>>> print(open('data_34.pdb').read())   # PDB, C-alpha atoms, pLDDT in the B column
ATOM      1  CA  MET R   1       8.983 -10.742 -34.561  1.00 76.00           C
ATOM      2  CA  LYS R   2      12.481 -10.106 -35.926  1.00 77.00           C
ATOM      3  CA  LEU R   3      12.694  -6.889 -33.950  1.00 79.00           C
ATOM      4  CA  ARG R   4      11.765  -8.698 -30.734  1.00 82.00           C
ATOM      5  CA  VAL R   5      14.502 -11.294 -31.334  1.00 78.00           C
ATOM      6  CA  ALA R   6      17.003  -8.552 -32.113  1.00 74.00           C
ATOM      7  CA  VAL R   7      16.154  -6.649 -28.897  1.00 75.00           C
ATOM      8  CA  CYS R   8      16.439  -9.839 -26.810  1.00 73.00           C
ATOM      9  CA  ALA R   9      19.763 -10.774 -28.396  1.00 70.00           C
ATOM     10  CA  PHE R  10      21.090  -7.244 -27.920  1.00 68.00           C
ATOM     11  CA  SER R  11      20.030  -7.302 -24.251  1.00 71.00           C
ATOM     12  CA  VAL R  12      21.699 -10.656 -23.643  1.00 70.00           C
ATOM     13  CA  LEU R  13      24.914  -9.459 -25.256  1.00 70.00           C
ATOM     14  CA  LEU R  14      24.877  -6.055 -23.541  1.00 66.00           C
ATOM     15  CA  ALA R  15      24.110  -7.234 -20.001  1.00 62.00           C
ATOM     16  CA  PRO R  16      27.573  -8.737 -19.288  1.00 66.00           C
ATOM     17  CA  VAL R  17      29.284  -5.550 -20.458  1.00 61.00           C
ATOM     18  CA  VAL R  18      27.160  -3.352 -18.190  1.00 60.00           C
ATOM     19  CA  LEU R  19      27.593  -5.664 -15.200  1.00 58.00           C
ATOM     20  CA  ALA R  20      31.333  -6.041 -15.809  1.00 56.00           C
ATOM     21  CA  LYS R  21      31.889  -2.313 -15.338  1.00 49.00           C
ATOM     22  CA  THR R  22      30.595  -2.439 -11.765  1.00 48.00           C
ATOM     23  CA  LYS R  23      32.446  -5.671 -11.021  1.00 47.00           C
ATOM     24  CA  LEU R  24      35.730  -4.185 -12.244  1.00 44.00           C
ATOM     25  CA  GLN R  25      35.315  -1.084 -10.096  1.00 46.00           C
ATOM     26  CA  VAL R  26      34.429  -3.090  -6.996  1.00 51.00           C
ATOM     27  CA  GLU R  27      37.327  -5.478  -7.629  1.00 58.00           C
ATOM     28  CA  ASP R  28      39.775  -2.561  -7.827  1.00 64.00           C
ATOM     29  CA  PRO R  29      42.731  -3.143  -5.444  1.00 65.00           C
ATOM     30  CA  ASN R  30      42.449   0.507  -4.384  1.00 69.00           C
ATOM     31  CA  ASN R  31      38.892  -0.110  -3.168  1.00 73.00           C
ATOM     32  CA  VAL R  32      39.332  -0.103   0.614  1.00 75.00           C
ATOM     33  CA  VAL R  33      35.805  -1.326   1.496  1.00 83.00           C
ATOM     34  CA  VAL R  34      35.594  -4.379   3.766  1.00 83.00           C
ATOM     35  CA  GLY R  35      31.881  -4.609   4.582  1.00 85.00           C
ATOM     36  CA  ARG R  36      28.569  -3.002   3.701  1.00 88.00           C
ATOM     37  CA  TYR R  37      25.753  -2.663   6.240  1.00 89.00           C
ATOM     38  CA  GLY R  38      22.419  -0.919   6.614  1.00 90.00           C
ATOM     39  CA  ILE R  39      22.830   2.312   8.550  1.00 92.00           C
ATOM     40  CA  THR R  40      20.820   2.911  11.727  1.00 91.00           C
ATOM     41  CA  SER R  41      18.844   6.098  12.271  1.00 92.00           C
ATOM     42  CA  SER R  42      21.215   7.283  15.018  1.00 91.00           C
ATOM     43  CA  GLN R  43      24.262   6.680  12.813  1.00 91.00           C
ATOM     44  CA  ARG R  44      22.532   8.485   9.927  1.00 93.00           C
ATOM     45  CA  ALA R  45      21.685  11.464  12.158  1.00 92.00           C
ATOM     46  CA  ALA R  46      25.275  11.702  13.424  1.00 91.00           C
ATOM     47  CA  VAL R  47      26.677  11.519   9.883  1.00 92.00           C
ATOM     48  CA  GLU R  48      24.245  14.103   8.535  1.00 93.00           C
ATOM     49  CA  GLU R  49      25.002  16.464  11.424  1.00 93.00           C
ATOM     50  CA  ALA R  50      28.755  16.111  10.942  1.00 93.00           C
ATOM     51  CA  ALA R  51      28.554  16.555   7.171  1.00 93.00           C
ATOM     52  CA  GLU R  52      26.290  19.602   7.352  1.00 93.00           C
ATOM     53  CA  THR R  53      28.460  21.137  10.089  1.00 93.00           C
ATOM     54  CA  PHE R  54      31.502  20.645   7.884  1.00 93.00           C
ATOM     55  CA  LEU R  55      29.757  22.086   4.818  1.00 93.00           C
ATOM     56  CA  THR R  56      28.612  25.191   6.694  1.00 92.00           C
ATOM     57  CA  THR R  57      31.558  25.910   9.013  1.00 90.00           C
ATOM     58  CA  GLY R  58      34.541  24.154   7.423  1.00 88.00           C
ATOM     59  CA  ARG R  59      37.468  25.884   5.754  1.00 90.00           C
ATOM     60  CA  LEU R  60      36.378  27.355   2.425  1.00 93.00           C
ATOM     61  CA  GLU R  61      39.106  25.508   0.521  1.00 92.00           C
ATOM     62  CA  ALA R  62      38.064  22.124   1.976  1.00 91.00           C
ATOM     63  CA  VAL R  63      34.345  22.759   1.431  1.00 92.00           C
ATOM     64  CA  GLN R  64      34.925  23.724  -2.204  1.00 93.00           C
ATOM     65  CA  LYS R  65      36.943  20.539  -2.669  1.00 91.00           C
ATOM     66  CA  ALA R  66      34.075  18.548  -1.098  1.00 91.00           C
ATOM     67  CA  TYR R  67      31.563  20.014  -3.538  1.00 93.00           C
ATOM     68  CA  THR R  68      33.953  19.229  -6.387  1.00 91.00           C
ATOM     69  CA  PHE R  69      34.179  15.570  -5.328  1.00 89.00           C
ATOM     70  CA  ARG R  70      30.415  15.536  -4.522  1.00 93.00           C
ATOM     71  CA  PHE R  71      30.745  12.605  -2.099  1.00 95.00           C
ATOM     72  CA  ILE R  72      32.368  12.907   1.329  1.00 94.00           C
ATOM     73  CA  GLY R  73      33.267  10.089   3.704  1.00 92.00           C
ATOM     74  CA  VAL R  74      32.258  10.674   7.312  1.00 93.00           C
ATOM     75  CA  ASP R  75      33.172   8.476  10.294  1.00 91.00           C
ATOM     76  CA  ALA R  76      29.916   6.952  11.512  1.00 89.00           C
ATOM     77  CA  GLY R  77      30.885   5.858  15.011  1.00 84.00           C
ATOM     78  CA  PRO R  78      31.011   2.293  16.287  1.00 88.00           C
ATOM     79  CA  LEU R  79      29.164  -0.594  14.656  1.00 88.00           C
ATOM     80  CA  THR R  80      26.029  -1.884  16.326  1.00 89.00           C
ATOM     81  CA  ALA R  81      26.022  -5.446  17.685  1.00 89.00           C
ATOM     82  CA  GLN R  82      24.095  -6.683  14.649  1.00 90.00           C
ATOM     83  CA  GLN R  83      26.509  -5.006  12.233  1.00 88.00           C
ATOM     84  CA  ALA R  84      29.555  -6.247  14.153  1.00 87.00           C
ATOM     85  CA  SER R  85      28.285  -9.841  14.059  1.00 89.00           C
ATOM     86  CA  LYS R  86      28.587  -9.792  10.238  1.00 88.00           C
ATOM     87  CA  GLU R  87      32.078  -8.278  10.245  1.00 86.00           C
ATOM     88  CA  PRO R  88      34.182 -11.514  10.428  1.00 87.00           C
ATOM     89  CA  HIS R  89      32.568 -12.819   7.229  1.00 87.00           C
ATOM     90  CA  SER R  90      33.170  -9.465   5.503  1.00 85.00           C
ATOM     91  CA  VAL R  91      36.801  -9.389   6.645  1.00 85.00           C
ATOM     92  CA  ALA R  92      37.396 -12.879   5.230  1.00 85.00           C
ATOM     93  CA  LYS R  93      35.895 -11.885   1.872  1.00 84.00           C
ATOM     94  CA  ALA R  94      37.941  -8.672   1.755  1.00 81.00           C
ATOM     95  CA  GLU R  95      41.111 -10.575   2.623  1.00 82.00           C
ATOM     96  CA  ARG R  96      40.534 -12.939  -0.310  1.00 83.00           C
ATOM     97  CA  ARG R  97      39.612 -10.069  -2.666  1.00 79.00           C
ATOM     98  CA  LEU R  98      42.601  -7.906  -1.771  1.00 77.00           C
ATOM     99  CA  GLY R  99      44.914 -10.940  -1.697  1.00 79.00           C
ATOM    100  CA  ARG R 100      44.228 -11.560  -5.395  1.00 79.00           C
ATOM    101  CA  TYR R 101      45.846  -8.212  -6.175  1.00 75.00           C
ATOM    102  CA  GLY R 102      48.661  -8.393  -3.663  1.00 75.00           C
ATOM    103  CA  ALA R 103      47.235  -5.403  -1.798  1.00 73.00           C
ATOM    104  CA  GLU R 104      48.235  -5.179   1.836  1.00 75.00           C
ATOM    105  CA  PHE R 105      45.502  -6.011   4.329  1.00 75.00           C
ATOM    106  CA  ASP R 106      45.825  -6.498   8.081  1.00 78.00           C
ATOM    107  CA  ALA R 107      42.863  -8.566   9.312  1.00 76.00           C
ATOM    108  CA  ASN R 108      43.783  -7.778  12.939  1.00 80.00           C
ATOM    109  CA  GLU R 109      43.346  -4.035  12.487  1.00 81.00           C
ATOM    110  CA  PRO R 110      39.711  -3.094  13.140  1.00 82.00           C
ATOM    111  CA  PRO R 111      37.943  -1.611  10.114  1.00 83.00           C
ATOM    112  CA  ARG R 112      36.600   1.952  10.347  1.00 87.00           C
ATOM    113  CA  PRO R 113      32.853   2.535   9.781  1.00 91.00           C
ATOM    114  CA  ILE R 114      32.331   5.246   7.160  1.00 92.00           C
ATOM    115  CA  ALA R 115      29.168   6.598   5.536  1.00 93.00           C
ATOM    116  CA  ILE R 116      29.152   8.365   2.173  1.00 93.00           C
ATOM    117  CA  TYR R 117      27.327  11.702   2.175  1.00 95.00           C
ATOM    118  CA  ASP R 118      26.138  13.347  -1.035  1.00 95.00           C
ATOM    119  CA  THR R 119      26.939  17.077  -0.833  1.00 94.00           C
ATOM    120  CA  ILE R 120      24.562  17.977  -3.666  1.00 94.00           C
ATOM    121  CA  GLN R 121      21.432  16.148  -2.477  1.00 94.00           C
ATOM    122  CA  HIS R 122      22.355  16.429   1.230  1.00 93.00           C
ATOM    123  CA  ARG R 123      21.756  12.812   2.181  1.00 93.00           C
ATOM    124  CA  VAL R 124      23.554   9.587   3.052  1.00 93.00           C
ATOM    125  CA  ILE R 125      23.654   7.575  -0.148  1.00 91.00           C
ATOM    126  CA  HIS R 126      22.045   4.131  -0.337  1.00 88.00           C
ATOM    127  CA  SER R 127      21.299   4.137   3.433  1.00 87.00           C
ATOM    128  CA  ARG R 128      24.522   2.183   3.693  1.00 89.00           C
ATOM    129  CA  LEU R 129      27.416   2.086   6.111  1.00 91.00           C
ATOM    130  CA  TYR R 130      30.792   0.871   4.865  1.00 90.00           C
ATOM    131  CA  THR R 131      33.713  -0.452   6.858  1.00 89.00           C
ATOM    132  CA  VAL R 132      37.104   0.332   5.345  1.00 87.00           C
ATOM    133  CA  THR R 133      40.605  -1.038   5.860  1.00 81.00           C
ATOM    134  CA  LYS R 134      42.347   2.309   5.932  1.00 81.00           C
ATOM    135  CA  VAL R 135      41.480   5.945   5.557  1.00 81.00           C
ATOM    136  CA  PRO R 136      43.555   8.623   3.857  1.00 85.00           C
ATOM    137  CA  ALA R 137      44.605  11.890   5.422  1.00 87.00           C
ATOM    138  CA  ARG R 138      41.773  14.307   6.093  1.00 88.00           C
ATOM    139  CA  PHE R 139      40.540  16.089   2.970  1.00 88.00           C
ATOM    140  CA  ASP R 140      42.192  13.507   0.745  1.00 90.00           C
ATOM    141  CA  TYR R 141      40.288  11.014  -1.403  1.00 88.00           C
ATOM    142  CA  MET R 142      39.766   7.257  -1.509  1.00 87.00           C
ATOM    143  CA  ARG R 143      37.837   4.773  -3.636  1.00 85.00           C
ATOM    144  CA  MET R 144      34.781   3.182  -2.011  1.00 85.00           C
ATOM    145  CA  ASP R 145      33.040   0.793  -4.405  1.00 81.00           C
ATOM    146  CA  ASP R 146      31.932   2.886  -7.382  1.00 82.00           C
ATOM    147  CA  TYR R 147      32.560   6.219  -5.669  1.00 87.00           C
ATOM    148  CA  LEU R 148      35.541   8.513  -5.325  1.00 90.00           C
ATOM    149  CA  VAL R 149      35.090   9.964  -1.838  1.00 91.00           C
ATOM    150  CA  MET R 150      36.791  12.835  -0.018  1.00 93.00           C
ATOM    151  CA  TYR R 151      37.412  11.799   3.599  1.00 92.00           C
ATOM    152  CA  ILE R 152      36.584  14.504   6.161  1.00 92.00           C
ATOM    153  CA  GLY R 153      36.754  12.511   9.401  1.00 86.00           C
ATOM    154  CA  TYR R 154      34.560  13.034  12.443  1.00 76.00           C
ATOM    155  CA  SER R 155      34.746  12.365  16.138  1.00 51.00           C
ATOM    156  CA  VAL R 156      31.689  10.773  17.719  1.00 42.00           C
ATOM    157  CA  GLU R 157      32.690  12.066  21.176  1.00 42.00           C
ATOM    158  CA  GLY R 158      32.804  15.666  20.020  1.00 45.00           C
ATOM    159  CA  LYS R 159      33.285  17.978  17.097  1.00 48.00           C
ATOM    160  CA  GLU R 160      37.023  18.552  17.590  1.00 46.00           C
ATOM    161  CA  ALA R 161      37.994  16.593  14.455  1.00 46.00           C
ATOM    162  CA  LEU R 162      35.999  18.995  12.300  1.00 44.00           C
ATOM    163  CA  ARG R 163      37.705  22.093  13.708  1.00 43.00           C
ATOM    164  CA  LYS R 164      41.324  21.027  13.131  1.00 43.00           C
TER     165      LYS R 164
END
>>> encode(input="data_34.pdb", output="structure tokens")
Amino acid sequence: MKLRVAVCAFSVLLAPVVLAKTKLQVEDPNNVVVGRYGITSSQRAAVEEAAETFLTTGRLEAVQKAYTFRFIGVDAGPLTAQQASKEPHSVAKAERRLGRYGAEFDANEPPRPIAIYDTIQHRVIHSRLYTVTKVPARFDYMRMDDYLVMYIGYSVEGKEALRK
């Protein structure tokens, strides 16, 4: 009986600490994520194709850096109508979140849809599409929620962004 009470008390005291870690990382002013959406099968296929093309034909230096980071950010093309309908609410929340830290945020600039690809397990993580306020230079990194992601870019119209 005493052990059961001790385990319950420990769980109640430990839960806020575990949850606070994620909240602090998401509330980071360097976190550029505006919205989170379910990814469609066509968006997933385009992201997987771009990521695998980059991993097999990209510059050796950039590919090694991608494996070091483990997660790469790939442009996922335009949002679907359903995803875009949720965007104004996400933009308002991001504006409030980033405003608390004094981080610059232009609500008029359209967010970029990015998917995070796991280079080790070769899959899009969480079946999720993120919209971000700004992207770094190609092969540089950014924070997206709990992940540090290397941005590789991608052009939906063609593969020219991967060859530069």
>>> residues_around(input="data_34.pdb", residues="region 30-40 of chain R", least_positions_apart="4", cutoff="9 Å", atoms="only C-alpha atoms", output="VMD selection string")
chain R and resid 25 to 26 44 to 45 76 80 83 86 to 87 89 to 95 98 103 111 113 115 126 to 135 142 to 146
>>> atom_distance(input="data_34.pdb", atom1="CA of Glu52 (chain R)", atom2="CA of Thr119 (chain R)")
8.6 Å
>>> atom_distance(input="data_34.pdb", atom1="CA of Gly73 (chain R)", atom2="CA of Val149 (chain R)")
5.8 Å
>>> resolve_selection(input="data_34.pdb", expression="the PyMOL selection byres ((chain R and resi 117) around 12)", output="PyMOL selection string")
chain R and resi 44-52+54-55+66-67+69-76+114-116+118-130+147-153
>>> closest_residue(input="data_34.pdb", among="R:Ser85, R:Val12, R:Arg100, R:Tyr154", to="Arg112 (chain R)", atoms="only C-alpha atoms")
R:Tyr154
>>> atom_distance(input="data_34.pdb", atom1="CA of Leu60 (chain R)", atom2="CA of Ser41 (chain R)")
29.3 Å
>>> decode(input="data_34.pdb", residues="region 60-76 of chain R", atoms="all heavy atoms", output="mmCIF file, in the first residue's frame")
data_model
loop_
_atom_site.group_PDB
_atom_site.id
_atom_site.type_symbol
_atom_site.label_atom_id
_atom_site.label_comp_id
_atom_site.auth_asym_id
_atom_site.auth_seq_id
_atom_site.Cartn_x
_atom_site.Cartn_y
_atom_site.Cartn_z
ATOM 1 N N LEU R 60 28.661 15.169 -51.314
ATOM 2 C CA LEU R 60 29.061 14.303 -50.207
ATOM 3 C C LEU R 60 29.098 15.067 -48.887
ATOM 4 O O LEU R 60 28.617 14.586 -47.863
ATOM 5 C CB LEU R 60 30.428 13.672 -50.495
ATOM 6 C CG LEU R 60 30.958 12.734 -49.416
ATOM 7 C CD1 LEU R 60 30.027 11.546 -49.219
ATOM 8 C CD2 LEU R 60 32.359 12.270 -49.767
ATOM 9 N N GLU R 61 29.644 16.269 -48.910
ATOM 10 C CA GLU R 61 29.738 17.088 -47.706
ATOM 11 C C GLU R 61 28.354 17.373 -47.120
ATOM 12 O O GLU R 61 28.138 17.254 -45.914
ATOM 13 C CB GLU R 61 30.440 18.400 -48.066
ATOM 14 C CG GLU R 61 30.458 19.435 -46.980
ATOM 15 C CD GLU R 61 31.020 20.759 -47.501
ATOM 16 O OE1 GLU R 61 31.918 20.740 -48.349
ATOM 17 O OE2 GLU R 61 30.528 21.793 -47.042
ATOM 18 N N ALA R 62 27.390 17.733 -47.971
ATOM 19 C CA ALA R 62 26.036 18.043 -47.512
ATOM 20 C C ALA R 62 25.318 16.786 -47.022
ATOM 21 O O ALA R 62 24.589 16.829 -46.022
ATOM 22 C CB ALA R 62 25.238 18.698 -48.630
ATOM 23 N N VAL R 63 25.514 15.676 -47.686
ATOM 24 C CA VAL R 63 24.863 14.425 -47.274
ATOM 25 C C VAL R 63 25.408 13.960 -45.925
ATOM 26 O O VAL R 63 24.645 13.522 -45.060
ATOM 27 C CB VAL R 63 25.044 13.339 -48.358
ATOM 28 C CG1 VAL R 63 24.558 11.989 -47.863
ATOM 29 C CG2 VAL R 63 24.304 13.737 -49.624
ATOM 30 N N GLN R 64 26.719 14.074 -45.733
ATOM 31 C CA GLN R 64 27.298 13.701 -44.441
ATOM 32 C C GLN R 64 26.762 14.589 -43.328
ATOM 33 O O GLN R 64 26.477 14.122 -42.231
ATOM 34 C CB GLN R 64 28.822 13.786 -44.507
ATOM 35 C CG GLN R 64 29.443 12.678 -45.309
ATOM 36 C CD GLN R 64 30.950 12.831 -45.458
ATOM 37 O OE1 GLN R 64 31.492 13.926 -45.312
ATOM 38 N NE2 GLN R 64 31.619 11.737 -45.747
ATOM 39 N N LYS R 65 26.601 15.866 -43.616
ATOM 40 C CA LYS R 65 26.030 16.794 -42.635
ATOM 41 C C LYS R 65 24.584 16.401 -42.327
ATOM 42 O O LYS R 65 24.154 16.450 -41.176
ATOM 43 C CB LYS R 65 26.104 18.223 -43.179
ATOM 44 C CG LYS R 65 25.705 19.283 -42.190
ATOM 45 C CD LYS R 65 25.912 20.673 -42.797
ATOM 46 C CE LYS R 65 25.473 21.758 -41.862
ATOM 47 N NZ LYS R 65 25.611 23.091 -42.468
ATOM 48 N N ALA R 66 23.827 15.980 -43.353
ATOM 49 C CA ALA R 66 22.441 15.562 -43.146
ATOM 50 C C ALA R 66 22.362 14.340 -42.235
ATOM 51 O O ALA R 66 21.505 14.269 -41.355
ATOM 52 C CB ALA R 66 21.778 15.267 -44.491
ATOM 53 N N TYR R 67 23.240 13.374 -42.448
ATOM 54 C CA TYR R 67 23.247 12.198 -41.582
ATOM 55 C C TYR R 67 23.672 12.560 -40.164
ATOM 56 O O TYR R 67 23.220 11.951 -39.200
ATOM 57 C CB TYR R 67 24.143 11.099 -42.150
ATOM 58 C CG TYR R 67 23.459 10.289 -43.233
ATOM 59 C CD1 TYR R 67 23.899 10.349 -44.544
ATOM 60 C CD2 TYR R 67 22.371 9.478 -42.941
ATOM 61 C CE1 TYR R 67 23.277 9.612 -45.543
ATOM 62 C CE2 TYR R 67 21.743 8.741 -43.922
ATOM 63 C CZ TYR R 67 22.203 8.809 -45.224
ATOM 64 O OH TYR R 67 21.575 8.082 -46.194
ATOM 65 N N THR R 68 24.533 13.553 -40.025
ATOM 66 C CA THR R 68 24.940 14.004 -38.697
ATOM 67 C C THR R 68 23.769 14.629 -37.958
ATOM 68 O O THR R 68 23.544 14.367 -36.782
ATOM 69 C CB THR R 68 26.090 15.031 -38.806
ATOM 70 O OG1 THR R 68 27.173 14.418 -39.483
ATOM 71 C CG2 THR R 68 26.527 15.509 -37.446
ATOM 72 N N PHE R 69 22.984 15.470 -38.651
ATOM 73 C CA PHE R 69 21.816 16.095 -38.037
ATOM 74 C C PHE R 69 20.688 15.097 -37.834
ATOM 75 O O PHE R 69 19.846 15.289 -36.989
ATOM 76 C CB PHE R 69 21.300 17.244 -38.912
ATOM 77 C CG PHE R 69 21.962 18.547 -38.632
ATOM 78 C CD1 PHE R 69 23.038 18.969 -39.382
ATOM 79 C CD2 PHE R 69 21.509 19.357 -37.620
ATOM 80 C CE1 PHE R 69 23.651 20.179 -39.124
ATOM 81 C CE2 PHE R 69 22.110 20.567 -37.349
ATOM 82 C CZ PHE R 69 23.184 20.976 -38.108
ATOM 83 N N ARG R 70 20.608 14.080 -38.658
ATOM 84 C CA ARG R 70 19.583 13.034 -38.715
ATOM 85 C C ARG R 70 18.291 13.505 -39.364
ATOM 86 O O ARG R 70 17.694 12.789 -40.137
ATOM 87 C CB ARG R 70 19.279 12.441 -37.345
ATOM 88 C CG ARG R 70 18.236 11.343 -37.450
ATOM 89 C CD ARG R 70 17.961 10.629 -36.179
ATOM 90 N NE ARG R 70 16.962 9.596 -36.408
ATOM 91 C CZ ARG R 70 16.539 8.801 -35.483
ATOM 92 N NH1 ARG R 70 17.023 8.877 -34.263
ATOM 93 N NH2 ARG R 70 15.620 7.899 -35.762
ATOM 94 N N PHE R 71 17.814 14.691 -39.048
ATOM 95 C CA PHE R 71 16.551 15.177 -39.602
ATOM 96 C C PHE R 71 16.821 16.258 -40.640
ATOM 97 O O PHE R 71 17.594 17.179 -40.386
ATOM 98 C CB PHE R 71 15.659 15.734 -38.501
ATOM 99 C CG PHE R 71 15.315 14.718 -37.454
ATOM 100 C CD1 PHE R 71 15.819 14.820 -36.178
ATOM 101 C CD2 PHE R 71 14.494 13.646 -37.756
ATOM 102 C CE1 PHE R 71 15.504 13.884 -35.208
ATOM 103 C CE2 PHE R 71 14.170 12.706 -36.796
ATOM 104 C CZ PHE R 71 14.681 12.819 -35.517
ATOM 105 N N ILE R 72 16.149 16.152 -41.797
ATOM 106 C CA ILE R 72 16.285 17.181 -42.824
ATOM 107 C C ILE R 72 14.906 17.770 -43.105
ATOM 108 O O ILE R 72 13.894 17.073 -43.064
ATOM 109 C CB ILE R 72 16.937 16.640 -44.118
ATOM 110 C CG1 ILE R 72 16.180 15.443 -44.679
ATOM 111 C CG2 ILE R 72 18.386 16.299 -43.884
ATOM 112 C CD1 ILE R 72 16.735 14.920 -46.001
ATOM 113 N N GLY R 73 14.880 19.061 -43.371
ATOM 114 C CA GLY R 73 13.645 19.753 -43.720
ATOM 115 C C GLY R 73 13.534 19.861 -45.224
ATOM 116 O O GLY R 73 14.452 20.332 -45.893
ATOM 117 N N VAL R 74 12.408 19.404 -45.769
ATOM 118 C CA VAL R 74 12.202 19.395 -47.209
ATOM 119 C C VAL R 74 10.934 20.180 -47.521
ATOM 120 O O VAL R 74 9.901 19.968 -46.888
ATOM 121 C CB VAL R 74 12.045 17.940 -47.730
ATOM 122 C CG1 VAL R 74 11.884 17.917 -49.230
ATOM 123 C CG2 VAL R 74 13.217 17.082 -47.300
ATOM 124 N N ASP R 75 11.017 21.101 -48.493
ATOM 125 C CA ASP R 75 9.817 21.829 -48.925
ATOM 126 C C ASP R 75 8.799 20.818 -49.434
ATOM 127 O O ASP R 75 9.125 19.942 -50.224
ATOM 128 C CB ASP R 75 10.148 22.823 -50.034
ATOM 129 C CG ASP R 75 10.872 24.046 -49.512
ATOM 130 O OD1 ASP R 75 10.688 24.380 -48.329
ATOM 131 O OD2 ASP R 75 11.631 24.658 -50.279
ATOM 132 N N ALA R 76 7.549 20.970 -49.004
ATOM 133 C CA ALA R 76 6.529 19.974 -49.320
ATOM 134 C C ALA R 76 5.534 20.445 -50.370
ATOM 135 O O ALA R 76 4.536 19.787 -50.602
ATOM 136 C CB ALA R 76 5.779 19.592 -48.046
#
